[in-house]
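What follows is the content of data-v2.txt, which has compact mmCIF, C-alpha atoms and all ligand atoms:
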# COMPACT_ATOMS: atom_id res chain seq x y z
CA MET A 30 -8.72 -6.96 -20.84
CA THR A 31 -10.46 -10.31 -20.86
CA PHE A 32 -10.37 -12.50 -23.94
CA LYS A 33 -13.83 -13.32 -25.24
CA LEU A 34 -14.91 -15.90 -27.83
CA PRO A 35 -16.74 -14.04 -30.63
CA ASP A 36 -19.75 -15.53 -32.38
CA LEU A 37 -19.05 -16.68 -35.92
CA PRO A 38 -20.17 -13.98 -38.38
CA TYR A 39 -22.22 -16.64 -40.27
CA ALA A 40 -24.00 -19.92 -39.50
CA HIS A 41 -21.85 -22.99 -38.82
CA ASP A 42 -22.98 -24.57 -42.09
CA ALA A 43 -22.62 -21.39 -44.21
CA LEU A 44 -19.16 -22.21 -45.59
CA ALA A 45 -19.99 -25.74 -46.73
CA PRO A 46 -18.92 -27.60 -48.76
CA TYR A 47 -15.53 -25.85 -48.53
CA MET A 48 -15.50 -25.85 -44.72
CA SER A 49 -18.07 -28.04 -43.00
CA ARG A 50 -20.31 -27.46 -40.01
CA GLU A 51 -18.38 -30.17 -38.16
CA THR A 52 -15.04 -28.41 -38.78
CA LEU A 53 -16.42 -25.10 -37.50
CA GLU A 54 -18.02 -26.76 -34.47
CA TYR A 55 -14.63 -28.15 -33.47
CA HIS A 56 -12.46 -25.29 -34.68
CA HIS A 57 -14.48 -22.34 -33.39
CA ASP A 58 -16.53 -23.83 -30.51
CA LYS A 59 -13.73 -25.98 -29.04
CA HIS A 60 -10.25 -24.99 -30.29
CA HIS A 61 -10.74 -21.22 -30.28
CA LYS A 62 -12.66 -21.42 -26.99
CA ALA A 63 -9.73 -23.28 -25.41
CA TYR A 64 -7.32 -20.49 -26.47
CA VAL A 65 -9.68 -17.95 -24.90
CA ASP A 66 -10.12 -19.87 -21.63
CA ASN A 67 -6.43 -20.77 -21.26
CA GLY A 68 -5.39 -17.27 -22.30
CA ASN A 69 -7.56 -15.71 -19.61
CA LYS A 70 -6.05 -17.97 -16.93
CA LEU A 71 -2.50 -17.20 -18.08
CA LEU A 72 -3.16 -13.47 -18.38
CA GLU A 73 -3.92 -13.28 -14.66
CA GLY A 74 -0.79 -12.20 -12.84
CA SER A 75 1.22 -11.75 -16.06
CA GLY A 76 1.49 -7.99 -15.62
CA LEU A 77 -0.13 -7.48 -19.04
CA GLU A 78 -3.77 -7.49 -17.88
CA GLY A 79 -4.41 -3.84 -18.81
CA LYS A 80 -2.99 -4.07 -22.34
CA SER A 81 -4.75 -4.49 -25.67
CA LEU A 82 -4.72 -7.88 -27.37
CA GLU A 83 -2.10 -6.79 -29.93
CA GLU A 84 0.10 -5.44 -27.13
CA ILE A 85 -0.25 -8.68 -25.15
CA VAL A 86 0.70 -10.74 -28.22
CA LYS A 87 3.80 -8.65 -28.91
CA ALA A 88 4.89 -8.30 -25.26
CA SER A 89 4.54 -12.02 -24.44
CA PHE A 90 6.40 -13.24 -27.55
CA GLY A 91 9.69 -14.86 -26.53
CA LYS A 92 8.99 -14.09 -22.85
CA ASN A 93 5.87 -15.95 -21.73
CA ALA A 94 5.35 -18.90 -24.07
CA GLY A 95 2.09 -20.16 -22.55
CA LEU A 96 0.40 -16.78 -22.66
CA PHE A 97 1.81 -16.01 -26.11
CA ASN A 98 0.57 -19.25 -27.67
CA ASN A 99 -3.00 -18.70 -26.45
CA ALA A 100 -3.17 -14.91 -26.95
CA GLY A 101 -1.51 -15.24 -30.38
CA GLN A 102 -3.99 -17.87 -31.47
CA HIS A 103 -6.88 -15.82 -30.09
CA TYR A 104 -5.72 -12.87 -32.21
CA ASN A 105 -5.24 -15.07 -35.30
CA HIS A 106 -8.65 -16.74 -35.00
CA LEU A 107 -10.57 -13.51 -34.27
CA HIS A 108 -9.54 -12.40 -37.75
CA PHE A 109 -9.64 -15.83 -39.39
CA TRP A 110 -13.45 -16.08 -39.01
CA LYS A 111 -13.82 -12.65 -40.59
CA TRP A 112 -11.36 -13.43 -43.40
CA MET A 113 -13.96 -15.91 -44.71
CA LYS A 114 -17.54 -15.56 -45.93
CA PRO A 115 -20.03 -17.62 -47.93
CA ASN A 116 -19.48 -17.13 -51.68
CA GLY A 117 -16.14 -15.47 -51.04
CA GLY A 118 -12.83 -15.89 -52.82
CA GLY A 119 -12.32 -15.26 -56.50
CA ASP A 120 -11.24 -11.92 -57.92
CA LYS A 121 -13.60 -9.46 -56.21
CA VAL A 122 -10.80 -7.42 -54.64
CA PRO A 123 -11.46 -3.72 -53.83
CA GLY A 124 -9.54 -1.34 -56.11
CA ASN A 125 -6.96 0.17 -53.75
CA LEU A 126 -5.85 -3.22 -52.47
CA LEU A 127 -5.86 -4.72 -55.97
CA LYS A 128 -3.49 -1.98 -57.19
CA LYS A 129 -1.15 -2.71 -54.27
CA ILE A 130 -1.28 -6.46 -54.99
CA ASP A 131 -0.40 -5.72 -58.62
CA SER A 132 2.57 -3.54 -57.72
CA ASP A 133 3.97 -5.49 -54.75
CA LEU A 134 3.00 -9.12 -55.36
CA GLY A 135 3.06 -9.43 -59.14
CA GLY A 136 -0.71 -9.51 -59.63
CA LEU A 137 -3.63 -11.30 -57.99
CA ALA A 138 -3.11 -14.70 -59.63
CA LYS A 139 0.54 -14.82 -58.53
CA ALA A 140 -0.30 -13.52 -55.04
CA LYS A 141 -2.88 -16.29 -54.55
CA GLU A 142 -0.47 -18.91 -55.85
CA ASP A 143 2.33 -17.72 -53.55
CA PHE A 144 -0.06 -17.52 -50.56
CA VAL A 145 -1.15 -21.14 -51.17
CA GLN A 146 2.47 -22.20 -51.61
CA ALA A 147 3.45 -20.54 -48.30
CA GLY A 148 0.75 -22.59 -46.56
CA VAL A 149 1.72 -25.81 -48.31
CA THR A 150 5.40 -25.41 -47.39
CA GLN A 151 4.83 -24.39 -43.75
CA PHE A 152 6.24 -27.51 -42.06
CA GLY A 153 3.90 -28.61 -39.29
CA SER A 154 1.31 -26.30 -37.73
CA GLY A 155 1.14 -22.64 -38.60
CA TRP A 156 -0.32 -19.97 -40.86
CA SER A 157 0.19 -18.45 -44.31
CA TRP A 158 -0.19 -14.68 -44.64
CA ILE A 159 -0.38 -11.54 -46.69
CA ALA A 160 1.03 -8.75 -44.52
CA VAL A 161 2.11 -5.13 -44.76
CA LYS A 162 5.83 -4.82 -44.01
CA ASP A 163 7.78 -1.54 -44.45
CA GLY A 164 4.90 -0.12 -46.49
CA LYS A 165 4.81 -3.05 -48.92
CA LEU A 166 2.72 -6.20 -49.16
CA ALA A 167 4.55 -9.44 -48.45
CA ILE A 168 3.67 -13.14 -48.45
CA MET A 169 4.74 -14.75 -45.16
CA LYS A 170 4.38 -17.99 -43.24
CA THR A 171 4.76 -18.59 -39.52
CA ALA A 172 4.79 -21.55 -37.14
CA ASN A 173 2.23 -22.41 -34.46
CA GLY A 174 0.60 -19.29 -32.96
CA GLU A 175 2.98 -16.73 -34.43
CA SER A 176 1.81 -14.05 -36.85
CA PRO A 177 3.37 -11.18 -38.80
CA LEU A 178 2.66 -8.98 -35.73
CA VAL A 179 5.71 -10.46 -33.98
CA HIS A 180 7.87 -10.18 -37.10
CA GLY A 181 7.58 -6.43 -37.64
CA ALA A 182 4.58 -6.56 -39.97
CA LYS A 183 0.79 -6.28 -39.92
CA PRO A 184 -1.32 -9.17 -41.21
CA ILE A 185 -4.17 -8.41 -43.62
CA LEU A 186 -5.02 -12.02 -44.60
CA GLY A 187 -4.19 -15.32 -42.93
CA CYS A 188 -5.06 -18.96 -43.43
CA ASP A 189 -4.83 -21.46 -40.59
CA VAL A 190 -2.90 -24.54 -41.74
CA TRP A 191 -3.07 -26.44 -38.45
CA GLU A 192 -4.55 -29.88 -39.15
CA HIS A 193 -7.61 -29.02 -36.99
CA SER A 194 -8.56 -26.50 -39.70
CA TYR A 195 -8.80 -29.01 -42.57
CA TYR A 196 -8.43 -32.63 -41.54
CA ILE A 197 -12.17 -33.38 -41.18
CA ASP A 198 -12.93 -32.03 -44.68
CA TYR A 199 -9.70 -32.62 -46.60
CA ARG A 200 -7.79 -35.26 -44.58
CA ASN A 201 -4.11 -34.82 -45.56
CA ARG A 202 -4.83 -32.70 -48.68
CA ARG A 203 -3.62 -29.34 -47.34
CA PRO A 204 -3.07 -27.92 -50.87
CA ASP A 205 -6.74 -28.57 -51.79
CA TYR A 206 -7.88 -26.84 -48.58
CA LEU A 207 -5.73 -23.77 -49.31
CA LYS A 208 -6.96 -23.61 -52.89
CA ALA A 209 -10.61 -23.80 -51.74
CA PHE A 210 -9.85 -21.03 -49.22
CA VAL A 211 -8.61 -18.60 -51.89
CA ASP A 212 -11.12 -19.67 -54.56
CA HIS A 213 -14.31 -19.81 -52.45
CA LEU A 214 -13.91 -18.41 -48.93
CA VAL A 215 -11.75 -15.26 -48.72
CA ASN A 216 -13.67 -12.15 -47.67
CA TRP A 217 -11.67 -9.60 -49.69
CA ASP A 218 -13.69 -6.71 -48.23
CA TYR A 219 -12.34 -7.53 -44.76
CA VAL A 220 -8.81 -7.96 -46.17
CA ALA A 221 -9.15 -4.49 -47.74
CA GLU A 222 -10.39 -3.07 -44.44
CA MET A 223 -7.30 -4.43 -42.65
CA TYR A 224 -5.07 -3.16 -45.46
CA GLU A 225 -6.46 0.37 -45.16
CA ALA A 226 -5.95 0.30 -41.37
CA ALA A 227 -2.40 -1.11 -41.67
CA ALA A 228 -1.40 1.36 -44.38
CA LYS A 229 -2.21 4.41 -42.20
MN MN3 A 301 -7.01 -22.95 -35.65
Could you rewrite the structure in this file as structure tokens?
Ligand code: MN3
Amino acid sequence: MTFKLPDLPYAHDALAPYMSRETLEYHHDKHHKAYVDNGNKLLEGSGLEGKSLEEIVKASFGKNAGLFNNAGQHYNHLHFWKWMKPNGGGDKVPGNLLKKIDSDLGGLAKAKEDFVQAGVTQFGSGWSWIAVKDGKLAIMKTANGESPLVHGAKPILGCDVWEHSYYIDYRNRRPDYLKAFVDHLVNWDYVAEMYEAAAK
């Protein structure tokens, strides 16, 4: 396969004021594009050219650091753009997923709080997650380009806590960025779609 930079599913200014046009111009048009371009170069000759993106991420983890970092971040960002939408966030969670959040994560309010806390306490660059692990939902955090995929789980929601994701809009206030993400940006319909696929 060849990695390809997707278009954003909304205009660059559609997530303002919670995520600005300038942030998306850097984050999507430059950072994500660099993962795609570098990933394609590193994929050549790796022996993994014919595999799917998820297979490449899992197979390169711990074995081919350069390829893993770029392929992992490509995977994470492909979903990250779709995990957000204008007028997202809040409590509009589809029923099946909401029931699962109630039973596994102690309710939506606690799940959001723990998800924010995971992002706040991730030291340095990384991601906070809700993932499906052993049939149950779990809050996770990972460093750099890692994701639940390489820790025996399937991500259904992730928030990028690398500084490039929030420094233009929030400077050093990572907690405010994470809170705006859950309150105003999360596309719960896409989270539910990934939950249904992961639960199969
Ligand atoms: Mn990023």
If you take only C-alpha atoms and all ligand atoms and a cut-off of 8 Å, which residues of chain A touch ligand MN3 301 (chain A), and what are their nearest atom pairs and distances in Å to one decimal, in chain and number order, as a Markdown table?
| residue | atom | partner | partner_atom | distance |
| --- | --- | --- | --- | --- |
| A:His56 | CA | A:MN3_301 | MN | 6.0 |
| A:His57 | CA | A:MN3_301 | MN | 7.8 |
| A:His60 | CA | A:MN3_301 | MN | 6.6 |
| A:His61 | CA | A:MN3_301 | MN | 6.8 |
| A:Gln102 | CA | A:MN3_301 | MN | 7.2 |
| A:His106 | CA | A:MN3_301 | MN | 6.5 |
| A:Asp189 | CA | A:MN3_301 | MN | 5.6 |
| A:Val190 | CA | A:MN3_301 | MN | 7.5 |
| A:Trp191 | CA | A:MN3_301 | MN | 6.0 |
| A:His193 | CA | A:MN3_301 | MN | 6.2 |
| A:Ser194 | CA | A:MN3_301 | MN | 5.6 |
All residues 9 Å or closer to region 68-71 of chain A, only C-alpha atoms, same chain fewer than 6 positions away omitted, as a PyMOL selection string | chain A and resi 30-33+95-100+103
Hey, what's within 6 Å of region 80-90 of chain A if we count all atoms listed in the file and toss same-chain stuff fewer than 2 positions away? As a list of chain:residue names, please?
-> A:Leu77, A:Glu78, A:Lys92, A:Asn93, A:Phe97, A:Ala100, A:Gly101, A:Val179
Please produce an output containing C-alpha atoms for each residue in the selection, written as a short mmCIF file (atom, residue, chain, number, x, y, z; two decimals), in the coordinates of the input.
data_model
loop_
_atom_site.label_atom_id
_atom_site.label_comp_id
_atom_site.auth_asym_id
_atom_site.auth_seq_id
_atom_site.Cartn_x
_atom_site.Cartn_y
_atom_site.Cartn_z
CA LEU A 77 -0.13 -7.48 -19.04
CA GLU A 78 -3.77 -7.49 -17.88
CA LYS A 92 8.99 -14.09 -22.85
CA ASN A 93 5.87 -15.95 -21.73
CA PHE A 97 1.81 -16.01 -26.11
CA ALA A 100 -3.17 -14.91 -26.95
CA GLY A 101 -1.51 -15.24 -30.38
CA VAL A 179 5.71 -10.46 -33.98
#
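Nearest to Val122 (chain A) of all the residues A:Met169, A:Met223, A:Leu137, A:Val149 is A:Leu137, counting all atoms listed in the file.
The two atoms in question, CA of Leu186 (chain A) and CA of Phe109 (chain A), are spaced 7.9 Å apart.
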Tell me, as a PDB file with C-alpha atoms, in the coordinates of the input, which residues lie within 12 Å of Glu54 (chain A), counting only C-alpha atoms; anything in the same chain fewer than 2 positions away does not count.
ATOM      1  CA  ASP A  36     -19.750 -15.530 -32.380  1.00  0.00           C
ATOM      2  CA  LEU A  37     -19.050 -16.680 -35.920  1.00  0.00           C
ATOM      3  CA  ALA A  40     -24.000 -19.920 -39.500  1.00  0.00           C
ATOM      4  CA  HIS A  41     -21.850 -22.990 -38.820  1.00  0.00           C
ATOM      5  CA  ASP A  42     -22.980 -24.570 -42.090  1.00  0.00           C
ATOM      6  CA  MET A  48     -15.500 -25.850 -44.720  1.00  0.00           C
ATOM      7  CA  SER A  49     -18.070 -28.040 -43.000  1.00  0.00           C
ATOM      8  CA  ARG A  50     -20.310 -27.460 -40.010  1.00  0.00           C
ATOM      9  CA  GLU A  51     -18.380 -30.170 -38.160  1.00  0.00           C
ATOM     10  CA  THR A  52     -15.040 -28.410 -38.780  1.00  0.00           C
ATOM     11  CA  HIS A  56     -12.460 -25.290 -34.680  1.00  0.00           C
ATOM     12  CA  HIS A  57     -14.480 -22.340 -33.390  1.00  0.00           C
ATOM     13  CA  ASP A  58     -16.530 -23.830 -30.510  1.00  0.00           C
ATOM     14  CA  LYS A  59     -13.730 -25.980 -29.040  1.00  0.00           C
ATOM     15  CA  HIS A  60     -10.250 -24.990 -30.290  1.00  0.00           C
ATOM     16  CA  HIS A  61     -10.740 -21.220 -30.280  1.00  0.00           C
ATOM     17  CA  LYS A  62     -12.660 -21.420 -26.990  1.00  0.00           C
ATOM     18  CA  HIS A 193      -7.610 -29.020 -36.990  1.00  0.00           C
ATOM     19  CA  SER A 194      -8.560 -26.500 -39.700  1.00  0.00           C
ATOM     20  CA  ILE A 197     -12.170 -33.380 -41.180  1.00  0.00           C
TER      21      ILE A 197
END
As a tab-separated table (two decimals), keeping the file's coordinate frame, the rebuilt region 76-88 of chain A with N, CA, C and O atoms:
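This is the output file rebuild-v6.tsv:
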chain	number	residue	atom	x	y	z
A	76	GLY	N	1.05	-9.39	-15.53
A	76	GLY	CA	1.49	-7.99	-15.62
A	76	GLY	C	1.01	-7.31	-16.89
A	76	GLY	O	1.29	-6.14	-17.12
A	77	LEU	N	0.32	-8.05	-17.76
A	77	LEU	CA	-0.13	-7.48	-19.04
A	77	LEU	C	-1.65	-7.32	-19.09
A	77	LEU	O	-2.21	-7.02	-20.15
A	78	GLU	N	-2.29	-7.47	-17.92
A	78	GLU	CA	-3.77	-7.49	-17.88
A	78	GLU	C	-4.41	-6.25	-18.49
A	78	GLU	O	-5.48	-6.33	-19.07
A	79	GLY	N	-3.78	-5.09	-18.35
A	79	GLY	CA	-4.41	-3.84	-18.81
A	79	GLY	C	-4.15	-3.53	-20.27
A	79	GLY	O	-4.62	-2.51	-20.78
A	80	LYS	N	-3.39	-4.37	-20.95
A	80	LYS	CA	-2.99	-4.07	-22.34
A	80	LYS	C	-4.02	-4.54	-23.36
A	80	LYS	O	-4.87	-5.38	-23.07
A	81	SER	N	-3.89	-4.03	-24.58
A	81	SER	CA	-4.75	-4.49	-25.67
A	81	SER	C	-4.27	-5.86	-26.14
A	81	SER	O	-3.14	-6.27	-25.83
A	82	LEU	N	-5.10	-6.55	-26.89
A	82	LEU	CA	-4.72	-7.88	-27.37
A	82	LEU	C	-3.43	-7.83	-28.19
A	82	LEU	O	-2.53	-8.65	-27.99
A	83	GLU	N	-3.32	-6.88	-29.10
A	83	GLU	CA	-2.10	-6.79	-29.93
A	83	GLU	C	-0.87	-6.55	-29.05
A	83	GLU	O	0.20	-7.12	-29.29
A	84	GLU	N	-1.03	-5.72	-28.03
A	84	GLU	CA	0.10	-5.44	-27.13
A	84	GLU	C	0.48	-6.69	-26.34
A	84	GLU	O	1.67	-6.96	-26.12
A	85	ILE	N	-0.52	-7.44	-25.91
A	85	ILE	CA	-0.25	-8.68	-25.15
A	85	ILE	C	0.50	-9.68	-26.03
A	85	ILE	O	1.48	-10.31	-25.60
A	86	VAL	N	0.05	-9.80	-27.29
A	86	VAL	CA	0.70	-10.74	-28.22
A	86	VAL	C	2.17	-10.36	-28.39
A	86	VAL	O	3.07	-11.18	-28.25
A	87	LYS	N	2.42	-9.08	-28.65
A	87	LYS	CA	3.80	-8.65	-28.91
A	87	LYS	C	4.66	-8.73	-27.65
A	87	LYS	O	5.82	-9.15	-27.70
A	88	ALA	N	4.09	-8.35	-26.49
A	88	ALA	CA	4.89	-8.30	-25.26
A	88	ALA	C	5.19	-9.70	-24.72
A	88	ALA	O	6.20	-9.90	-24.05
